Structure formats: structure tokens, C-alpha cells
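Trainee: Just so it is clear, I am handing over final_36.pdb, which has PDB, N, CA and C atoms and all ligand atoms.
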```
ATOM      1  N   MET A  52     -80.749 140.138 -49.753  1.00  0.00           N
ATOM      2  CA  MET A  52     -80.291 138.783 -50.099  1.00  0.00           C
ATOM      3  C   MET A  52     -78.928 138.874 -50.776  1.00  0.00           C
ATOM      4  N   LEU A  53     -78.006 138.056 -50.328  1.00  0.00           N
ATOM      5  CA  LEU A  53     -76.678 138.005 -50.945  1.00  0.00           C
ATOM      6  C   LEU A  53     -76.804 137.490 -52.383  1.00  0.00           C
ATOM      7  N   ARG A  54     -76.106 138.156 -53.308  1.00  0.00           N
ATOM      8  CA  ARG A  54     -76.121 137.752 -54.713  1.00  0.00           C
ATOM      9  C   ARG A  54     -74.743 137.216 -55.062  1.00  0.00           C
ATOM     10  N   ILE A  55     -74.694 136.001 -55.567  1.00  0.00           N
ATOM     11  CA  ILE A  55     -73.426 135.381 -55.950  1.00  0.00           C
ATOM     12  C   ILE A  55     -73.431 135.201 -57.462  1.00  0.00           C
ATOM     13  N   LEU A  56     -72.430 135.779 -58.116  1.00  0.00           N
ATOM     14  CA  LEU A  56     -72.305 135.646 -59.561  1.00  0.00           C
ATOM     15  C   LEU A  56     -71.190 134.659 -59.852  1.00  0.00           C
ATOM     16  N   GLY A  57     -71.559 133.531 -60.464  1.00  0.00           N
ATOM     17  CA  GLY A  57     -70.555 132.542 -60.811  1.00  0.00           C
ATOM     18  C   GLY A  57     -71.157 131.165 -60.962  1.00  0.00           C
ATOM     19  N   LYS A  58     -70.565 130.395 -61.856  1.00  0.00           N
ATOM     20  CA  LYS A  58     -71.041 129.024 -62.124  1.00  0.00           C
ATOM     21  C   LYS A  58     -70.681 128.120 -60.942  1.00  0.00           C
ATOM     22  N   ALA A  59     -71.588 127.197 -60.625  1.00  0.00           N
ATOM     23  CA  ALA A  59     -71.385 126.311 -59.487  1.00  0.00           C
ATOM     24  C   ALA A  59     -70.274 125.304 -59.737  1.00  0.00           C
ATOM     25  N   SER A  60     -69.850 125.144 -61.003  1.00  0.00           N
ATOM     26  CA  SER A  60     -68.762 124.206 -61.304  1.00  0.00           C
ATOM     27  C   SER A  60     -67.391 124.799 -60.986  1.00  0.00           C
ATOM     28  N   SER A  61     -67.331 126.086 -60.685  1.00  0.00           N
ATOM     29  CA  SER A  61     -66.060 126.744 -60.360  1.00  0.00           C
ATOM     30  C   SER A  61     -65.681 126.474 -58.913  1.00  0.00           C
ATOM     31  N   ILE A  62     -64.452 126.001 -58.703  1.00  0.00           N
ATOM     32  CA  ILE A  62     -64.007 125.709 -57.334  1.00  0.00           C
ATOM     33  C   ILE A  62     -64.013 126.971 -56.488  1.00  0.00           C
ATOM     34  N   ASN A  63     -63.724 128.118 -57.113  1.00  0.00           N
ATOM     35  CA  ASN A  63     -63.705 129.370 -56.346  1.00  0.00           C
ATOM     36  C   ASN A  63     -65.110 129.834 -55.982  1.00  0.00           C
ATOM     37  N   VAL A  64     -66.060 129.531 -56.830  1.00  0.00           N
ATOM     38  CA  VAL A  64     -67.457 129.823 -56.499  1.00  0.00           C
ATOM     39  C   VAL A  64     -67.922 128.860 -55.411  1.00  0.00           C
ATOM     40  N   ARG A  65     -67.509 127.615 -55.517  1.00  0.00           N
ATOM     41  CA  ARG A  65     -67.932 126.624 -54.521  1.00  0.00           C
ATOM     42  C   ARG A  65     -67.475 126.987 -53.112  1.00  0.00           C
ATOM     43  N   LYS A  66     -66.320 127.639 -53.008  1.00  0.00           N
ATOM     44  CA  LYS A  66     -65.847 128.065 -51.680  1.00  0.00           C
ATOM     45  C   LYS A  66     -66.860 129.015 -51.040  1.00  0.00           C
ATOM     46  N   VAL A  67     -67.424 129.901 -51.859  1.00  0.00           N
ATOM     47  CA  VAL A  67     -68.423 130.852 -51.347  1.00  0.00           C
ATOM     48  C   VAL A  67     -69.720 130.122 -51.007  1.00  0.00           C
ATOM     49  N   LEU A  68     -70.119 129.210 -51.896  1.00  0.00           N
ATOM     50  CA  LEU A  68     -71.363 128.466 -51.656  1.00  0.00           C
ATOM     51  C   LEU A  68     -71.248 127.621 -50.391  1.00  0.00           C
ATOM     52  N   TRP A  69     -70.089 127.016 -50.204  1.00  0.00           N
ATOM     53  CA  TRP A  69     -69.842 126.189 -49.014  1.00  0.00           C
ATOM     54  C   TRP A  69     -69.915 127.053 -47.759  1.00  0.00           C
ATOM     55  N   THR A  70     -69.280 128.222 -47.804  1.00  0.00           N
ATOM     56  CA  THR A  70     -69.302 129.123 -46.650  1.00  0.00           C
ATOM     57  C   THR A  70     -70.725 129.545 -46.323  1.00  0.00           C
ATOM     58  N   CYS A  71     -71.497 129.885 -47.351  1.00  0.00           N
ATOM     59  CA  CYS A  71     -72.887 130.278 -47.127  1.00  0.00           C
ATOM     60  C   CYS A  71     -73.690 129.136 -46.509  1.00  0.00           C
ATOM     61  N   ALA A  72     -73.428 127.931 -46.982  1.00  0.00           N
ATOM     62  CA  ALA A  72     -74.142 126.774 -46.439  1.00  0.00           C
ATOM     63  C   ALA A  72     -73.779 126.567 -44.970  1.00  0.00           C
ATOM     64  N   GLU A  73     -72.504 126.639 -44.661  1.00  0.00           N
ATOM     65  CA  GLU A  73     -72.060 126.432 -43.276  1.00  0.00           C
ATOM     66  C   GLU A  73     -72.638 127.484 -42.341  1.00  0.00           C
ATOM     67  N   LEU A  74     -72.705 128.727 -42.827  1.00  0.00           N
ATOM     68  CA  LEU A  74     -73.171 129.835 -41.986  1.00  0.00           C
ATOM     69  C   LEU A  74     -74.669 130.093 -42.147  1.00  0.00           C
ATOM     70  N   GLN A  75     -75.321 129.273 -42.980  1.00  0.00           N
ATOM     71  CA  GLN A  75     -76.757 129.372 -43.222  1.00  0.00           C
ATOM     72  C   GLN A  75     -77.143 130.780 -43.681  1.00  0.00           C
ATOM     73  N   ILE A  76     -76.351 131.282 -44.619  1.00  0.00           N
ATOM     74  CA  ILE A  76     -76.610 132.597 -45.211  1.00  0.00           C
ATOM     75  C   ILE A  76     -77.418 132.389 -46.488  1.00  0.00           C
ATOM     76  N   PRO A  77     -78.628 132.936 -46.559  1.00  0.00           N
ATOM     77  CA  PRO A  77     -79.400 132.803 -47.792  1.00  0.00           C
ATOM     78  C   PRO A  77     -78.749 133.574 -48.937  1.00  0.00           C
ATOM     79  N   PHE A  78     -78.864 133.041 -50.140  1.00  0.00           N
ATOM     80  CA  PHE A  78     -78.252 133.701 -51.298  1.00  0.00           C
ATOM     81  C   PHE A  78     -79.022 133.344 -52.559  1.00  0.00           C
ATOM     82  N   GLU A  79     -78.794 134.152 -53.583  1.00  0.00           N
ATOM     83  CA  GLU A  79     -79.248 133.797 -54.925  1.00  0.00           C
ATOM     84  C   GLU A  79     -78.003 133.771 -55.798  1.00  0.00           C
ATOM     85  N   ARG A  80     -77.930 132.772 -56.686  1.00  0.00           N
ATOM     86  CA  ARG A  80     -76.735 132.610 -57.511  1.00  0.00           C
ATOM     87  C   ARG A  80     -77.112 132.686 -58.982  1.00  0.00           C
ATOM     88  N   GLU A  81     -76.227 133.310 -59.759  1.00  0.00           N
ATOM     89  CA  GLU A  81     -76.422 133.403 -61.210  1.00  0.00           C
ATOM     90  C   GLU A  81     -75.224 132.775 -61.910  1.00  0.00           C
ATOM     91  N   ASP A  82     -75.496 132.055 -63.005  1.00  0.00           N
ATOM     92  CA  ASP A  82     -74.423 131.388 -63.764  1.00  0.00           C
ATOM     93  C   ASP A  82     -73.658 132.383 -64.619  1.00  0.00           C
ATOM     94  N   TRP A  83     -72.459 132.714 -64.206  1.00  0.00           N
ATOM     95  CA  TRP A  83     -71.534 133.566 -64.960  1.00  0.00           C
ATOM     96  C   TRP A  83     -70.214 132.820 -65.082  1.00  0.00           C
ATOM     97  N   GLY A  84     -69.473 133.133 -66.133  1.00  0.00           N
ATOM     98  CA  GLY A  84     -68.171 132.500 -66.355  1.00  0.00           C
ATOM     99  C   GLY A  84     -68.205 131.674 -67.617  1.00  0.00           C
ATOM    100  N   SER A  85     -67.062 131.115 -68.009  1.00  0.00           N
ATOM    101  CA  SER A  85     -66.966 130.382 -69.271  1.00  0.00           C
ATOM    102  C   SER A  85     -68.031 129.292 -69.333  1.00  0.00           C
ATOM    103  N   GLY A  86     -68.722 129.258 -70.476  1.00  0.00           N
ATOM    104  CA  GLY A  86     -69.826 128.312 -70.659  1.00  0.00           C
ATOM    105  C   GLY A  86     -71.165 128.882 -70.250  1.00  0.00           C
ATOM    106  N   PHE A  87     -71.131 130.020 -69.594  1.00  0.00           N
ATOM    107  CA  PHE A  87     -72.370 130.662 -69.134  1.00  0.00           C
ATOM    108  C   PHE A  87     -72.334 132.131 -69.567  1.00  0.00           C
ATOM    109  N   LYS A  88     -72.871 133.034 -68.767  1.00  0.00           N
ATOM    110  CA  LYS A  88     -72.823 134.446 -69.147  1.00  0.00           C
ATOM    111  C   LYS A  88     -71.376 134.927 -69.133  1.00  0.00           C
ATOM    112  N   PRO A  89     -70.936 135.611 -70.182  1.00  0.00           N
ATOM    113  CA  PRO A  89     -69.523 135.997 -70.285  1.00  0.00           C
ATOM    114  C   PRO A  89     -69.142 137.106 -69.294  1.00  0.00           C
ATOM    115  N   THR A  90     -67.897 137.012 -68.815  1.00  0.00           N
ATOM    116  CA  THR A  90     -67.423 137.981 -67.821  1.00  0.00           C
ATOM    117  C   THR A  90     -66.639 139.124 -68.451  1.00  0.00           C
ATOM    118  N   ASP A  91     -66.539 139.112 -69.782  1.00  0.00           N
ATOM    119  CA  ASP A  91     -65.781 140.177 -70.446  1.00  0.00           C
ATOM    120  C   ASP A  91     -66.704 141.270 -70.983  1.00  0.00           C
ATOM    121  N   THR A  92     -67.894 141.354 -70.438  1.00  0.00           N
ATOM    122  CA  THR A  92     -68.843 142.394 -70.848  1.00  0.00           C
ATOM    123  C   THR A  92     -68.692 143.600 -69.926  1.00  0.00           C
ATOM    124  N   ALA A  93     -69.143 144.739 -70.424  1.00  0.00           N
ATOM    125  CA  ALA A  93     -69.070 145.969 -69.621  1.00  0.00           C
ATOM    126  C   ALA A  93     -69.843 145.803 -68.319  1.00  0.00           C
ATOM    127  N   GLU A  94     -70.964 145.091 -68.403  1.00  0.00           N
ATOM    128  CA  GLU A  94     -71.790 144.888 -67.203  1.00  0.00           C
ATOM    129  C   GLU A  94     -71.012 144.168 -66.107  1.00  0.00           C
ATOM    130  N   PHE A  95     -70.305 143.098 -66.498  1.00  0.00           N
ATOM    131  CA  PHE A  95     -69.577 142.329 -65.489  1.00  0.00           C
ATOM    132  C   PHE A  95     -68.291 143.031 -65.072  1.00  0.00           C
ATOM    133  N   LEU A  96     -67.593 143.615 -66.043  1.00  0.00           N
ATOM    134  CA  LEU A  96     -66.326 144.289 -65.741  1.00  0.00           C
ATOM    135  C   LEU A  96     -66.519 145.460 -64.785  1.00  0.00           C
ATOM    136  N   ALA A  97     -67.717 146.035 -64.788  1.00  0.00           N
ATOM    137  CA  ALA A  97     -68.002 147.107 -63.828  1.00  0.00           C
ATOM    138  C   ALA A  97     -68.020 146.573 -62.402  1.00  0.00           C
ATOM    139  N   LEU A  98     -68.301 145.273 -62.273  1.00  0.00           N
ATOM    140  CA  LEU A  98     -68.322 144.646 -60.949  1.00  0.00           C
ATOM    141  C   LEU A  98     -66.951 144.106 -60.570  1.00  0.00           C
ATOM    142  N   ASN A  99     -66.270 143.496 -61.551  1.00  0.00           N
ATOM    143  CA  ASN A  99     -64.937 142.940 -61.310  1.00  0.00           C
ATOM    144  C   ASN A  99     -64.079 143.136 -62.559  1.00  0.00           C
ATOM    145  N   PRO A 100     -63.178 144.122 -62.539  1.00  0.00           N
ATOM    146  CA  PRO A 100     -62.321 144.396 -63.696  1.00  0.00           C
ATOM    147  C   PRO A 100     -61.402 143.224 -64.038  1.00  0.00           C
ATOM    148  N   CYS A 101     -61.250 142.278 -63.126  1.00  0.00           N
ATOM    149  CA  CYS A 101     -60.424 141.086 -63.400  1.00  0.00           C
ATOM    150  C   CYS A 101     -61.192 140.051 -64.218  1.00  0.00           C
ATOM    151  N   ALA A 102     -62.486 140.268 -64.438  1.00  0.00           N
ATOM    152  CA  ALA A 102     -63.329 139.395 -65.265  1.00  0.00           C
ATOM    153  C   ALA A 102     -63.368 137.965 -64.748  1.00  0.00           C
ATOM    154  N   MET A 103     -63.346 137.813 -63.435  1.00  0.00           N
ATOM    155  CA  MET A 103     -63.367 136.468 -62.862  1.00  0.00           C
ATOM    156  C   MET A 103     -64.521 136.295 -61.884  1.00  0.00           C
ATOM    157  N   VAL A 104     -64.922 135.048 -61.736  1.00  0.00           N
ATOM    158  CA  VAL A 104     -65.916 134.691 -60.733  1.00  0.00           C
ATOM    159  C   VAL A 104     -65.203 134.013 -59.568  1.00  0.00           C
ATOM    160  N   PRO A 105     -65.744 134.079 -58.390  1.00  0.00           N
ATOM    161  CA  PRO A 105     -67.039 134.673 -58.051  1.00  0.00           C
ATOM    162  C   PRO A 105     -66.967 136.178 -57.807  1.00  0.00           C
ATOM    163  N   VAL A 106     -68.140 136.785 -57.955  1.00  0.00           N
ATOM    164  CA  VAL A 106     -68.395 138.134 -57.455  1.00  0.00           C
ATOM    165  C   VAL A 106     -69.560 137.988 -56.495  1.00  0.00           C
ATOM    166  N   ILE A 107     -69.473 138.654 -55.350  1.00  0.00           N
ATOM    167  CA  ILE A 107     -70.619 138.660 -54.445  1.00  0.00           C
ATOM    168  C   ILE A 107     -71.064 140.090 -54.233  1.00  0.00           C
ATOM    169  N   GLN A 108     -72.371 140.240 -54.104  1.00  0.00           N
ATOM    170  CA  GLN A 108     -72.951 141.552 -53.831  1.00  0.00           C
ATOM    171  C   GLN A 108     -73.869 141.447 -52.620  1.00  0.00           C
ATOM    172  N   ASP A 109     -73.666 142.368 -51.708  1.00  0.00           N
ATOM    173  CA  ASP A 109     -74.501 142.462 -50.512  1.00  0.00           C
ATOM    174  C   ASP A 109     -74.965 143.912 -50.425  1.00  0.00           C
ATOM    175  N   GLY A 110     -76.144 144.177 -50.926  1.00  0.00           N
ATOM    176  CA  GLY A 110     -76.601 145.562 -51.012  1.00  0.00           C
ATOM    177  C   GLY A 110     -75.714 146.333 -51.975  1.00  0.00           C
ATOM    178  N   ASN A 111     -75.174 147.442 -51.499  1.00  0.00           N
ATOM    179  CA  ASN A 111     -74.311 148.263 -52.343  1.00  0.00           C
ATOM    180  C   ASN A 111     -72.855 147.808 -52.338  1.00  0.00           C
ATOM    181  N   PHE A 112     -72.554 146.777 -51.530  1.00  0.00           N
ATOM    182  CA  PHE A 112     -71.171 146.305 -51.414  1.00  0.00           C
ATOM    183  C   PHE A 112     -70.914 145.194 -52.430  1.00  0.00           C
ATOM    184  N   THR A 113     -69.848 145.346 -53.202  1.00  0.00           N
ATOM    185  CA  THR A 113     -69.465 144.341 -54.198  1.00  0.00           C
ATOM    186  C   THR A 113     -68.051 143.869 -53.912  1.00  0.00           C
ATOM    187  N   LEU A 114     -67.860 142.551 -53.930  1.00  0.00           N
ATOM    188  CA  LEU A 114     -66.529 141.966 -53.709  1.00  0.00           C
ATOM    189  C   LEU A 114     -66.218 141.001 -54.841  1.00  0.00           C
TER
HETATM  190  N1  LIG A 201     -58.069 134.299 -57.121  1.00  0.00           N
HETATM  191  C1  LIG A 201     -59.344 134.452 -57.845  1.00  0.00           C
HETATM  192  C2  LIG A 201     -59.589 133.244 -58.667  1.00  0.00           C
HETATM  193  C3  LIG A 201     -60.851 133.350 -59.470  1.00  0.00           C
HETATM  194  C4  LIG A 201     -60.834 132.423 -60.659  1.00  0.00           C
HETATM  195  O1  LIG A 201     -59.785 131.887 -61.040  1.00  0.00           O
HETATM  196  N2  LIG A 201     -62.018 132.213 -61.212  1.00  0.00           N
HETATM  197  C5  LIG A 201     -62.120 131.427 -62.427  1.00  0.00           C
HETATM  198  C6  LIG A 201     -63.082 130.246 -62.208  1.00  0.00           C
HETATM  199  S1  LIG A 201     -62.477 129.112 -60.987  1.00  0.00           S
HETATM  200  C7  LIG A 201     -62.678 132.287 -63.534  1.00  0.00           C
HETATM  201  O2  LIG A 201     -63.342 133.282 -63.270  1.00  0.00           O
HETATM  202  N3  LIG A 201     -62.419 131.897 -64.788  1.00  0.00           N
HETATM  203  C8  LIG A 201     -62.931 132.627 -65.931  1.00  0.00           C
HETATM  204  C9  LIG A 201     -64.293 132.155 -66.338  1.00  0.00           C
HETATM  205  O3  LIG A 201     -64.808 131.160 -65.812  1.00  0.00           O
HETATM  206  O4  LIG A 201     -64.880 132.811 -67.224  1.00  0.00           O
HETATM  207  C10 LIG A 201     -60.397 134.765 -56.793  1.00  0.00           C
HETATM  208  O5  LIG A 201     -60.167 135.707 -56.085  1.00  0.00           O
HETATM  209  O6  LIG A 201     -61.443 134.148 -56.678  1.00  0.00           O
END
```
Could the structure of this file be written out as C-alpha cells, please?
Mentor:
Amino acid sequence: MLRILGKASSINVRKVLWTCAELQIPFEREDWGSGFKPTDTAEFLALNPCAMVPVIQDGNFTL
């Protein structure tokens, strides 16, 4: 299952959600970013050193 990290209020996260909806790709989303889980933690920075959402994970692949 595709994992999307990012708050749904983010326009950049919405682009991913919209694409998934159009292509009927199942996903699970977690609220990360300002107002939600912080992106300046070691856990998140290991996924994206830019500390920004969205991050997507598909198995071992992280973007
Ligand atoms: N060009 C970046 C833009 C990402 C971006 O600006 N994300 C914003 C939300 S729209 C962000 O992570 N802000 C910090 C935060 O919400 O904590 C991308 O590749 O997606």
C-alpha cells in the first residue's frame, strides 16, 4: 500500500492525493507538517532531508 506523509490541507500533498484518486491507487495517509507531526525530527528527516511534505513511500522506495 502506498504511504503518503503529509497534511491534506497542503496543496503539494493534494496534488498526490488527486493523482491517486484519478489513477485509483489505494493509499494510506498520515498527517505530517506544520500543525501536525513535525517534519524536523530525525525520523522524518531520514525520509526527506528538506523537511517538507509530501513524502511518499512505496515499499522500500521513498520520494
Ligand atoms: N517543491 C516542494 C514543495 C513542498 C512544500 O512546500 N511543502 C510544504 C507544504 S505545501 C511544507 O512541507 N511545509 C512545511 C510544513 O508544512 O511543515 C515539493 O517538492 O513538494
Trainee: Can you list every residue in chain A that DSSP puts in strand (DSSP E or B), as a ChimeraX atom specification?
Mentor: /A:53-56,78-81,83,88,106-109,112-113
Trainee: Dump as a PDB file with N, CA and C atoms, keeping the file's coordinate frame all residues having an atom at most 6 Å from (-75.5, 128.6, -64.7), computed in the file's coordinates with all atoms listed in the file.
Mentor:
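Result saved to point-v4.pdb:
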```
ATOM      1  N   LYS A  58     -70.565 130.395 -61.856  1.00  0.00           N
ATOM      2  CA  LYS A  58     -71.041 129.024 -62.124  1.00  0.00           C
ATOM      3  C   LYS A  58     -70.681 128.120 -60.942  1.00  0.00           C
ATOM      4  N   ALA A  59     -71.588 127.197 -60.625  1.00  0.00           N
ATOM      5  CA  ALA A  59     -71.385 126.311 -59.487  1.00  0.00           C
ATOM      6  C   ALA A  59     -70.274 125.304 -59.737  1.00  0.00           C
ATOM      7  N   GLU A  81     -76.227 133.310 -59.759  1.00  0.00           N
ATOM      8  CA  GLU A  81     -76.422 133.403 -61.210  1.00  0.00           C
ATOM      9  C   GLU A  81     -75.224 132.775 -61.910  1.00  0.00           C
ATOM     10  N   ASP A  82     -75.496 132.055 -63.005  1.00  0.00           N
ATOM     11  CA  ASP A  82     -74.423 131.388 -63.764  1.00  0.00           C
ATOM     12  C   ASP A  82     -73.658 132.383 -64.619  1.00  0.00           C
ATOM     13  N   TRP A  83     -72.459 132.714 -64.206  1.00  0.00           N
ATOM     14  CA  TRP A  83     -71.534 133.566 -64.960  1.00  0.00           C
ATOM     15  C   TRP A  83     -70.214 132.820 -65.082  1.00  0.00           C
ATOM     16  N   PHE A  87     -71.131 130.020 -69.594  1.00  0.00           N
ATOM     17  CA  PHE A  87     -72.370 130.662 -69.134  1.00  0.00           C
ATOM     18  C   PHE A  87     -72.334 132.131 -69.567  1.00  0.00           C
TER      19      PHE A  87
END
```
Trainee: Which residues would end up in the selection if the PyMOL selection byres (((not hetatm) and name CA) within 9 of (chain A and resi 201)) were applied here, given that I need the answer as a list in words?
Mentor: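 Selection result, ordered by chain and number: Gly57, Lys58, Ser60, Ser61, Ile62, Asn63, Val64, Arg65, Trp83, Gly84, Ser85, Gly86, Phe87, Lys88, Pro89, Thr90, Asp91, Cys101, Ala102, Met103, Val104, Pro105 and Val106 of chain A.
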Trainee: For a quick check of understanding, using all atoms listed in the file, which of A:Val67, A:Leu98, A:Leu56, A:Ala93 has the smallest distance to Glu79 (chain A)?
Mentor: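 Answer, going by the shortest atom-to-atom distance: A:Leu56.
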Trainee: Written as number ranges by chain, which residues does the PyMOL selection byres (((chain A and resi 54) around 5) and not hetatm) give for the file shown?
Mentor: A: 52-53, 55-56, 79, 107-108
Trainee: So which bits of chain A end up alpha helix (DSSP H) when you DSSP the backbone, as an NGL selection string?
Mentor: :A and (62-74 or 93-96)
Trainee: Quick check, in Å to one decimal: how far apart do atom N of Leu74 (chain A) and CA of Asn99 (chain A) lie?
Mentor: 24.6 Å
Trainee: Report, in Å to a single decimal, how far apart CA of Arg80 (chain A) and atom C of Leu68 (chain A) are.
Mentor: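 Interatomic distance here is 10.3 Å.
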Trainee: As AutoDock Vina command-line options, what would the box around region 76-81 of chain A look like: edges along x, y and z, 4 Å added on every side, centre and edge lengths in Å to one decimal?
Mentor:
```
--center_x -77.3 --center_y 132.7 --center_z -53.3 --size_x 12.2 --size_y 10.9 --size_z 25.3
```
Trainee: Could you tell me how far atom C of Ala97 (chain A) lies from atom C of Thr113 (chain A), in Å and to one decimal?
Mentor: 8.9 Å
